[in-house]
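Colleague: Next up is a structure, given as structure tokens.
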Amino acid sequence: MVFWDRLKESLKGVRDRWSRGISALFLGGAVSEEFWVDLEDLLISGDVGVDLAEGLIAELKEYAKRERLSETSQLRERFLGLLEERLISVPKMGEPLFMACRPSLTLLVGVNGSGKTTTTGKLAAQYVKQGHRVLLAAADTYRAAAIEQLKAWGERAGCRVIAQAPGSDAAAVVFDAIQAAKSTGTDLILVDSAGRLHTKHNLMEELRKLRRIIDRELPPESVEVLLVLDAVMGQNGFRQAEAFHEALGLTGVILTKYDNTAKGGILLAVADRLKLPIRYVGLGEDIEDLRLFAPRDFVEGLLSD
Ligand SMILES: Nc1nc2c(ncn2[C@@H]2O[C@H](COP(=O)(O)OP(=O)(O)OP(=O)(O)O)[C@@H](O)[C@H]2O)c(=O)[nH]1
Ligand SMILES: [Mg+2]
């Protein structure tokens, strides 16, 4: 099933979809000042961000003027193209995990509750299914429940989980996992990390430490750091992405809980302003509810009602 079909299905429960408003604007009618105002309002309310909304509107206005177009339906294709350009100009948009070296490693980071552990489990299941040897590392060592949760996902996905006792050093778990992977011919290590630490610890410091261990043990081309971002966070999510990117050098973003929101503008904001590729989108809580992001399907779906 293509990305948007699945998305539509999972969005059934969500009323007042953002995309419905946008597509309605392009059904026809005059290209009036009201149209531009409505379009800008909708983009901003959908978490696209003020800068990007203004940029898109300026470009579309110029196009309308140059081509002497007065009907909104005549602008639909061009608007779709502008959105798609913003997305596909970012390298690795919608691409799966890099697996050039063995072992490759993906560190999943993000604030608490964003969906890191669930996404780690879903990715593990997909890569195991494709025939890869996958190892999970339980680097959220602060809560016993977090380790148990990852072990349960490992069982469902059918892969080994490297874990230590609660409270142990997360960097040591990652180090162990890398050694185990090297000695067993593992293709992919997925590292689940903490979203919140006890007050005396600093999350970014801890994650930087993980990154240092990883960089010491593996070549840079085999390492990915993906931000797991909750779509419901809206523009706050954008600020999170900025902070994690600054601290860790992200290689991409996985947007989770897209089934829980009517909006999708955060995808565009992250791509356009941080130049970070959206790699996967989470569309539910089940093991198969993770899709590669498909830019064309996404923009077509936005304007297809
Ligand atoms: N609807 C929906 N729920 C999701 C999705 N991804 C994760 N969840 C749910 O979000 C909740 C939190 O997910 P976790 O994977 O535990 O999040 P986490 O980032 O590991 O959280 P911490 O370990 O506390 O930092 C769980 O109830 C998941 O089932 C998604 O794509 N859609
Ligand atoms: Mg977790």
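Every chain in the structure tokens has a letter given in the order shown (A, B, ...), and although residue numbers restart at 1 in each chain, ligands are simply numbered from 1 in the order shown.
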DSSP on the backbone, then: every residue of stretch 89-172 of chain A marked helix (DSSP H, G or I), written as a PDB file with N, CA and C atoms, in the first residue's frame.

Modeller:
ATOM      1  N   LYS A 116      10.873   6.582  20.603  1.00  0.00           N
ATOM      2  CA  LYS A 116      12.171   5.973  20.282  1.00  0.00           C
ATOM      3  C   LYS A 116      12.146   4.444  20.375  1.00  0.00           C
ATOM      4  N   THR A 117      11.656   3.940  21.516  1.00  0.00           N
ATOM      5  CA  THR A 117      11.714   2.500  21.729  1.00  0.00           C
ATOM      6  C   THR A 117      10.802   1.768  20.746  1.00  0.00           C
ATOM      7  N   THR A 118       9.615   2.294  20.558  1.00  0.00           N
ATOM      8  CA  THR A 118       8.674   1.706  19.604  1.00  0.00           C
ATOM      9  C   THR A 118       9.265   1.705  18.192  1.00  0.00           C
ATOM     10  N   THR A 119       9.861   2.828  17.806  1.00  0.00           N
ATOM     11  CA  THR A 119      10.423   2.943  16.461  1.00  0.00           C
ATOM     12  C   THR A 119      11.626   2.003  16.294  1.00  0.00           C
ATOM     13  N   THR A 120      12.425   1.860  17.347  1.00  0.00           N
ATOM     14  CA  THR A 120      13.542   0.915  17.312  1.00  0.00           C
ATOM     15  C   THR A 120      13.005  -0.486  17.028  1.00  0.00           C
ATOM     16  N   GLY A 121      11.918  -0.848  17.711  1.00  0.00           N
ATOM     17  CA  GLY A 121      11.309  -2.160  17.511  1.00  0.00           C
ATOM     18  C   GLY A 121      10.773  -2.345  16.100  1.00  0.00           C
ATOM     19  N   LYS A 122      10.115  -1.310  15.586  1.00  0.00           N
ATOM     20  CA  LYS A 122       9.554  -1.398  14.232  1.00  0.00           C
ATOM     21  C   LYS A 122      10.664  -1.533  13.187  1.00  0.00           C
ATOM     22  N   LEU A 123      11.728  -0.740  13.362  1.00  0.00           N
ATOM     23  CA  LEU A 123      12.847  -0.812  12.414  1.00  0.00           C
ATOM     24  C   LEU A 123      13.489  -2.195  12.471  1.00  0.00           C
ATOM     25  N   ALA A 124      13.666  -2.700  13.691  1.00  0.00           N
ATOM     26  CA  ALA A 124      14.272  -4.024  13.859  1.00  0.00           C
ATOM     27  C   ALA A 124      13.455  -5.052  13.086  1.00  0.00           C
ATOM     28  N   ALA A 125      12.150  -5.011  13.241  1.00  0.00           N
ATOM     29  CA  ALA A 125      11.283  -5.986  12.570  1.00  0.00           C
ATOM     30  C   ALA A 125      11.445  -5.892  11.055  1.00  0.00           C
ATOM     31  N   GLN A 126      11.486  -4.661  10.529  1.00  0.00           N
ATOM     32  CA  GLN A 126      11.620  -4.504   9.075  1.00  0.00           C
ATOM     33  C   GLN A 126      12.951  -5.050   8.558  1.00  0.00           C
ATOM     34  N   TYR A 127      14.024  -4.718   9.270  1.00  0.00           N
ATOM     35  CA  TYR A 127      15.341  -5.135   8.773  1.00  0.00           C
ATOM     36  C   TYR A 127      15.571  -6.627   8.963  1.00  0.00           C
ATOM     37  N   VAL A 128      15.015  -7.202  10.011  1.00  0.00           N
ATOM     38  CA  VAL A 128      15.092  -8.657  10.181  1.00  0.00           C
ATOM     39  C   VAL A 128      14.336  -9.334   9.040  1.00  0.00           C
ATOM     40  N   LYS A 129      13.168  -8.787   8.744  1.00  0.00           N
ATOM     41  CA  LYS A 129      12.329  -9.348   7.684  1.00  0.00           C
ATOM     42  C   LYS A 129      13.053  -9.331   6.336  1.00  0.00           C
ATOM     43  N   ALA A 144      14.208   0.449  34.664  1.00  0.00           N
ATOM     44  CA  ALA A 144      14.134  -0.980  34.379  1.00  0.00           C
ATOM     45  C   ALA A 144      13.079  -1.238  33.305  1.00  0.00           C
ATOM     46  N   ALA A 145      11.984  -0.491  33.375  1.00  0.00           N
ATOM     47  CA  ALA A 145      10.881  -0.696  32.431  1.00  0.00           C
ATOM     48  C   ALA A 145      11.317  -0.436  30.992  1.00  0.00           C
ATOM     49  N   ALA A 146      12.240   0.502  30.816  1.00  0.00           N
ATOM     50  CA  ALA A 146      12.698   0.828  29.462  1.00  0.00           C
ATOM     51  C   ALA A 146      13.464  -0.356  28.862  1.00  0.00           C
ATOM     52  N   ILE A 147      14.265  -0.991  29.696  1.00  0.00           N
ATOM     53  CA  ILE A 147      15.043  -2.147  29.236  1.00  0.00           C
ATOM     54  C   ILE A 147      14.097  -3.299  28.902  1.00  0.00           C
ATOM     55  N   GLU A 148      13.113  -3.513  29.763  1.00  0.00           N
ATOM     56  CA  GLU A 148      12.136  -4.588  29.526  1.00  0.00           C
ATOM     57  C   GLU A 148      11.336  -4.331  28.252  1.00  0.00           C
ATOM     58  N   GLN A 149      10.979  -3.065  28.040  1.00  0.00           N
ATOM     59  CA  GLN A 149      10.199  -2.703  26.849  1.00  0.00           C
ATOM     60  C   GLN A 149      10.990  -3.029  25.572  1.00  0.00           C
ATOM     61  N   LEU A 150      12.290  -2.713  25.590  1.00  0.00           N
ATOM     62  CA  LEU A 150      13.101  -2.997  24.403  1.00  0.00           C
ATOM     63  C   LEU A 150      13.270  -4.504  24.215  1.00  0.00           C
ATOM     64  N   LYS A 151      13.429  -5.229  25.328  1.00  0.00           N
ATOM     65  CA  LYS A 151      13.558  -6.690  25.224  1.00  0.00           C
ATOM     66  C   LYS A 151      12.309  -7.303  24.602  1.00  0.00           C
ATOM     67  N   ALA A 152      11.156  -6.758  24.980  1.00  0.00           N
ATOM     68  CA  ALA A 152       9.900  -7.275  24.416  1.00  0.00           C
ATOM     69  C   ALA A 152       9.847  -7.033  22.902  1.00  0.00           C
ATOM     70  N   TRP A 153      10.299  -5.846  22.485  1.00  0.00           N
ATOM     71  CA  TRP A 153      10.344  -5.550  21.035  1.00  0.00           C
ATOM     72  C   TRP A 153      11.332  -6.474  20.335  1.00  0.00           C
ATOM     73  N   GLY A 154      12.470  -6.727  20.990  1.00  0.00           N
ATOM     74  CA  GLY A 154      13.469  -7.624  20.404  1.00  0.00           C
ATOM     75  C   GLY A 154      12.876  -9.004  20.160  1.00  0.00           C
ATOM     76  N   GLU A 155      12.070  -9.445  21.106  1.00  0.00           N
ATOM     77  CA  GLU A 155      11.437 -10.749  20.957  1.00  0.00           C
ATOM     78  C   GLU A 155      10.453 -10.757  19.790  1.00  0.00           C
ATOM     79  N   ARG A 156       9.662  -9.703  19.708  1.00  0.00           N
ATOM     80  CA  ARG A 156       8.685  -9.629  18.614  1.00  0.00           C
ATOM     81  C   ARG A 156       9.379  -9.562  17.256  1.00  0.00           C
ATOM     82  N   ALA A 157      10.460  -8.784  17.215  1.00  0.00           N
ATOM     83  CA  ALA A 157      11.149  -8.599  15.931  1.00  0.00           C
ATOM     84  C   ALA A 157      12.037  -9.799  15.600  1.00  0.00           C
ATOM     85  N   ALA A 170      25.293   3.857  30.073  1.00  0.00           N
ATOM     86  CA  ALA A 170      24.750   3.668  28.724  1.00  0.00           C
ATOM     87  C   ALA A 170      25.860   3.484  27.692  1.00  0.00           C
ATOM     88  N   ALA A 171      26.956   4.215  27.878  1.00  0.00           N
ATOM     89  CA  ALA A 171      28.066   4.110  26.917  1.00  0.00           C
ATOM     90  C   ALA A 171      28.656   2.704  26.940  1.00  0.00           C
ATOM     91  N   ALA A 172      28.669   2.071  28.124  1.00  0.00           N
ATOM     92  CA  ALA A 172      29.190   0.706  28.228  1.00  0.00           C
ATOM     93  C   ALA A 172      28.292  -0.280  27.481  1.00  0.00           C
TER      94      ALA A 172
END

Colleague: As a quick test: using only C-alpha atoms and all ligand atoms, which residues lie no more than 8 Å away from ligand 1? Give them as a VMD selection string.

Modeller: chain A and resid 109 to 120 140 146 149 192 to 196 228 230 255 to 260 281 to 286 289 to 290

Colleague: Using only N, CA and C atoms, please write the residues we just selected to a file, as a short mmCIF file (atom, residue, chain, number, x, y, z; two decimals), in the first residue's frame.

Modeller:
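Written file, result_20.cif:
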data_model
loop_
_atom_site.label_atom_id
_atom_site.label_comp_id
_atom_site.auth_asym_id
_atom_site.auth_seq_id
_atom_site.Cartn_x
_atom_site.Cartn_y
_atom_site.Cartn_z
N VAL A 109 17.49 9.09 18.91
CA VAL A 109 17.44 10.05 20.01
C VAL A 109 16.12 10.83 19.94
N GLY A 110 15.78 11.47 21.07
CA GLY A 110 14.56 12.27 21.08
C GLY A 110 14.07 12.46 22.51
N VAL A 111 13.17 13.40 22.69
CA VAL A 111 12.66 13.67 24.03
C VAL A 111 11.80 12.51 24.51
N ASN A 112 11.52 12.48 25.82
CA ASN A 112 10.81 11.32 26.35
C ASN A 112 9.39 11.22 25.79
N GLY A 113 9.04 10.01 25.48
CA GLY A 113 7.71 9.73 24.95
C GLY A 113 7.55 9.95 23.45
N SER A 114 8.63 10.34 22.77
CA SER A 114 8.49 10.65 21.34
C SER A 114 8.30 9.40 20.48
N GLY A 115 8.68 8.25 21.03
CA GLY A 115 8.48 7.01 20.27
C GLY A 115 9.77 6.29 19.91
N LYS A 116 10.87 6.58 20.60
CA LYS A 116 12.17 5.97 20.28
C LYS A 116 12.15 4.44 20.37
N THR A 117 11.66 3.94 21.52
CA THR A 117 11.71 2.50 21.73
C THR A 117 10.80 1.77 20.75
N THR A 118 9.61 2.29 20.56
CA THR A 118 8.67 1.71 19.60
C THR A 118 9.27 1.70 18.19
N THR A 119 9.86 2.83 17.81
CA THR A 119 10.42 2.94 16.46
C THR A 119 11.63 2.00 16.29
N THR A 120 12.42 1.86 17.35
CA THR A 120 13.54 0.92 17.31
C THR A 120 13.01 -0.49 17.03
N ASP A 140 18.94 3.13 27.09
CA ASP A 140 18.15 3.86 28.09
C ASP A 140 18.21 3.00 29.35
N ALA A 146 12.24 0.50 30.82
CA ALA A 146 12.70 0.83 29.46
C ALA A 146 13.46 -0.36 28.86
N GLN A 149 10.98 -3.06 28.04
CA GLN A 149 10.20 -2.70 26.85
C GLN A 149 10.99 -3.03 25.57
N ASP A 192 18.67 2.24 21.26
CA ASP A 192 17.57 2.98 21.88
C ASP A 192 18.16 3.82 23.01
N SER A 193 17.85 5.10 23.07
CA SER A 193 18.46 5.95 24.11
C SER A 193 17.39 6.55 25.02
N ALA A 194 17.85 7.19 26.09
CA ALA A 194 16.92 7.78 27.06
C ALA A 194 16.39 9.11 26.54
N GLY A 195 15.18 9.47 26.97
CA GLY A 195 14.60 10.75 26.59
C GLY A 195 14.65 11.74 27.74
N ARG A 196 14.84 11.21 28.92
CA ARG A 196 14.91 12.08 30.10
C ARG A 196 15.78 11.36 31.13
N VAL A 228 13.94 11.05 16.66
CA VAL A 228 12.56 10.58 16.66
C VAL A 228 11.70 11.73 17.18
N ASP A 230 7.94 13.61 17.61
CA ASP A 230 6.49 13.42 17.73
C ASP A 230 5.78 14.50 16.91
N LEU A 255 9.50 10.89 11.86
CA LEU A 255 8.35 11.58 12.42
C LEU A 255 7.33 10.54 12.90
N THR A 256 7.06 10.53 14.20
CA THR A 256 6.13 9.54 14.75
C THR A 256 4.76 10.15 15.00
N LYS A 257 3.79 9.28 15.23
CA LYS A 257 2.44 9.67 15.64
C LYS A 257 1.77 10.56 14.59
N TYR A 258 2.14 10.35 13.35
CA TYR A 258 1.52 11.13 12.29
C TYR A 258 0.04 10.81 12.17
N ASP A 259 -0.32 9.64 12.68
CA ASP A 259 -1.72 9.24 12.69
C ASP A 259 -2.53 10.01 13.74
N ASN A 260 -1.84 10.72 14.63
CA ASN A 260 -2.53 11.43 15.71
C ASN A 260 -2.72 12.91 15.43
N VAL A 281 8.14 7.61 8.60
CA VAL A 281 7.01 8.21 9.31
C VAL A 281 6.27 7.11 10.07
N GLY A 282 5.99 7.37 11.34
CA GLY A 282 5.24 6.43 12.17
C GLY A 282 3.75 6.69 12.05
N LEU A 283 3.01 5.63 11.74
CA LEU A 283 1.57 5.80 11.46
C LEU A 283 0.69 4.98 12.40
N GLY A 284 1.21 4.63 13.56
CA GLY A 284 0.42 3.86 14.51
C GLY A 284 1.33 3.13 15.47
N GLU A 285 0.72 2.37 16.39
CA GLU A 285 1.50 1.74 17.45
C GLU A 285 1.96 0.33 17.10
N ASP A 286 1.45 -0.22 16.01
CA ASP A 286 1.77 -1.61 15.70
C ASP A 286 3.13 -1.75 15.03
N ASP A 289 3.62 -0.38 11.56
CA ASP A 289 3.21 1.01 11.32
C ASP A 289 4.37 1.98 11.19
N LEU A 290 5.29 1.68 10.32
CA LEU A 290 6.39 2.59 10.06
C LEU A 290 6.69 2.53 8.57
#

Colleague: Nearest to A:Ser104: which of A:Gly81, A:Pro166, A:Ser45, A:Leu218 is it, counting only C-alpha atoms?

Modeller: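 The shortest atom-to-atom distance to A:Ser104 comes from A:Leu218.
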
Colleague: Using only C-alpha atoms, which of the listed residues (A:Asp187, A:Glu59, A:Asp47, A:Glu77) sits closest to A:Leu267?

Modeller: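 For A:Leu267, the nearest of the given residues is A:Asp47.
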
Colleague: Return as a list in words the full set of residues in stretch 62-130 of chain A whose backbone-based DSSP assignment is strand (DSSP E or B).

Modeller: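 After running DSSP on the backbone, stretch 62-130 of chain A has strand (DSSP E or B) at Glu71, Ser104, Leu105, Thr106, Leu107, Leu108 and Val109 of chain A.
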
Colleague: With only C-alpha atoms and all ligand atoms as the atoms that count, which of A:Gly55, A:Phe26, A:Ser222, A:Val191 lies nearest to ligand 2?

Modeller: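 So, comparing all the options, the nearest one is A:Val191.
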
Colleague: Which residues are near A:Glu221? Cut-off 10 Å, only C-alpha atoms, ignore same chain within fewer than 5 positions. Put them as an NGL selection string.

Modeller: :A and (98-101 or 104-105 or 215)

Colleague: Just want the 7 Å neighbourhood of A:Val253, counted on only C-alpha atoms, with same-chain residues fewer than 6 positions away dropped. Output as a tab-separated table (two decimals) with C-alpha atoms, in the first residue's frame.

Modeller:
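Wrote it out as result.tsv, contents follow:
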chain	number	residue	atom	x	y	z
A	226	LEU	CA	18.16	9.87	13.82
A	227	LEU	CA	15.87	12.15	15.74
A	228	VAL	CA	12.56	10.58	16.66
A	229	LEU	CA	10.11	13.46	16.57
A	276	LEU	CA	17.46	17.30	7.36
A	277	PRO	CA	15.86	14.43	5.49
A	278	ILE	CA	12.65	12.86	6.77
A	279	ARG	CA	13.42	9.16	6.53

Colleague: Of the candidates A:Leu207, A:Ile44, A:Leu292, A:Ile214, which one gets nearest to A:Phe244 if we count only C-alpha atoms?

Modeller: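 Among A:Leu207, A:Ile44, A:Leu292, A:Ile214, it is A:Leu207 that comes nearest to A:Phe244.
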
Colleague: Quick check, in Å to one decimal: how far apart do atom CA of A:Arg78 and atom CA of A:Tyr63 lie?

Modeller: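 Going from atom CA of A:Arg78 over to atom CA of A:Tyr63 covers 8.2 Å.
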
Colleague: With distances taken over only C-alpha atoms and all ligand atoms, which residue among A:Thr141, A:Ser304, A:Thr261, A:Asn202 lies nearest ligand 2?

Modeller: A:Thr141

Colleague: List the spatial neighbours of A:Gly249 as a PyMOL selection string - criterion: any atom at most 10 Å away, only C-alpha atoms, same-chain residues fewer than 3 positions off excluded.

Modeller: chain A and resi 208+211+224-227+242-246+252
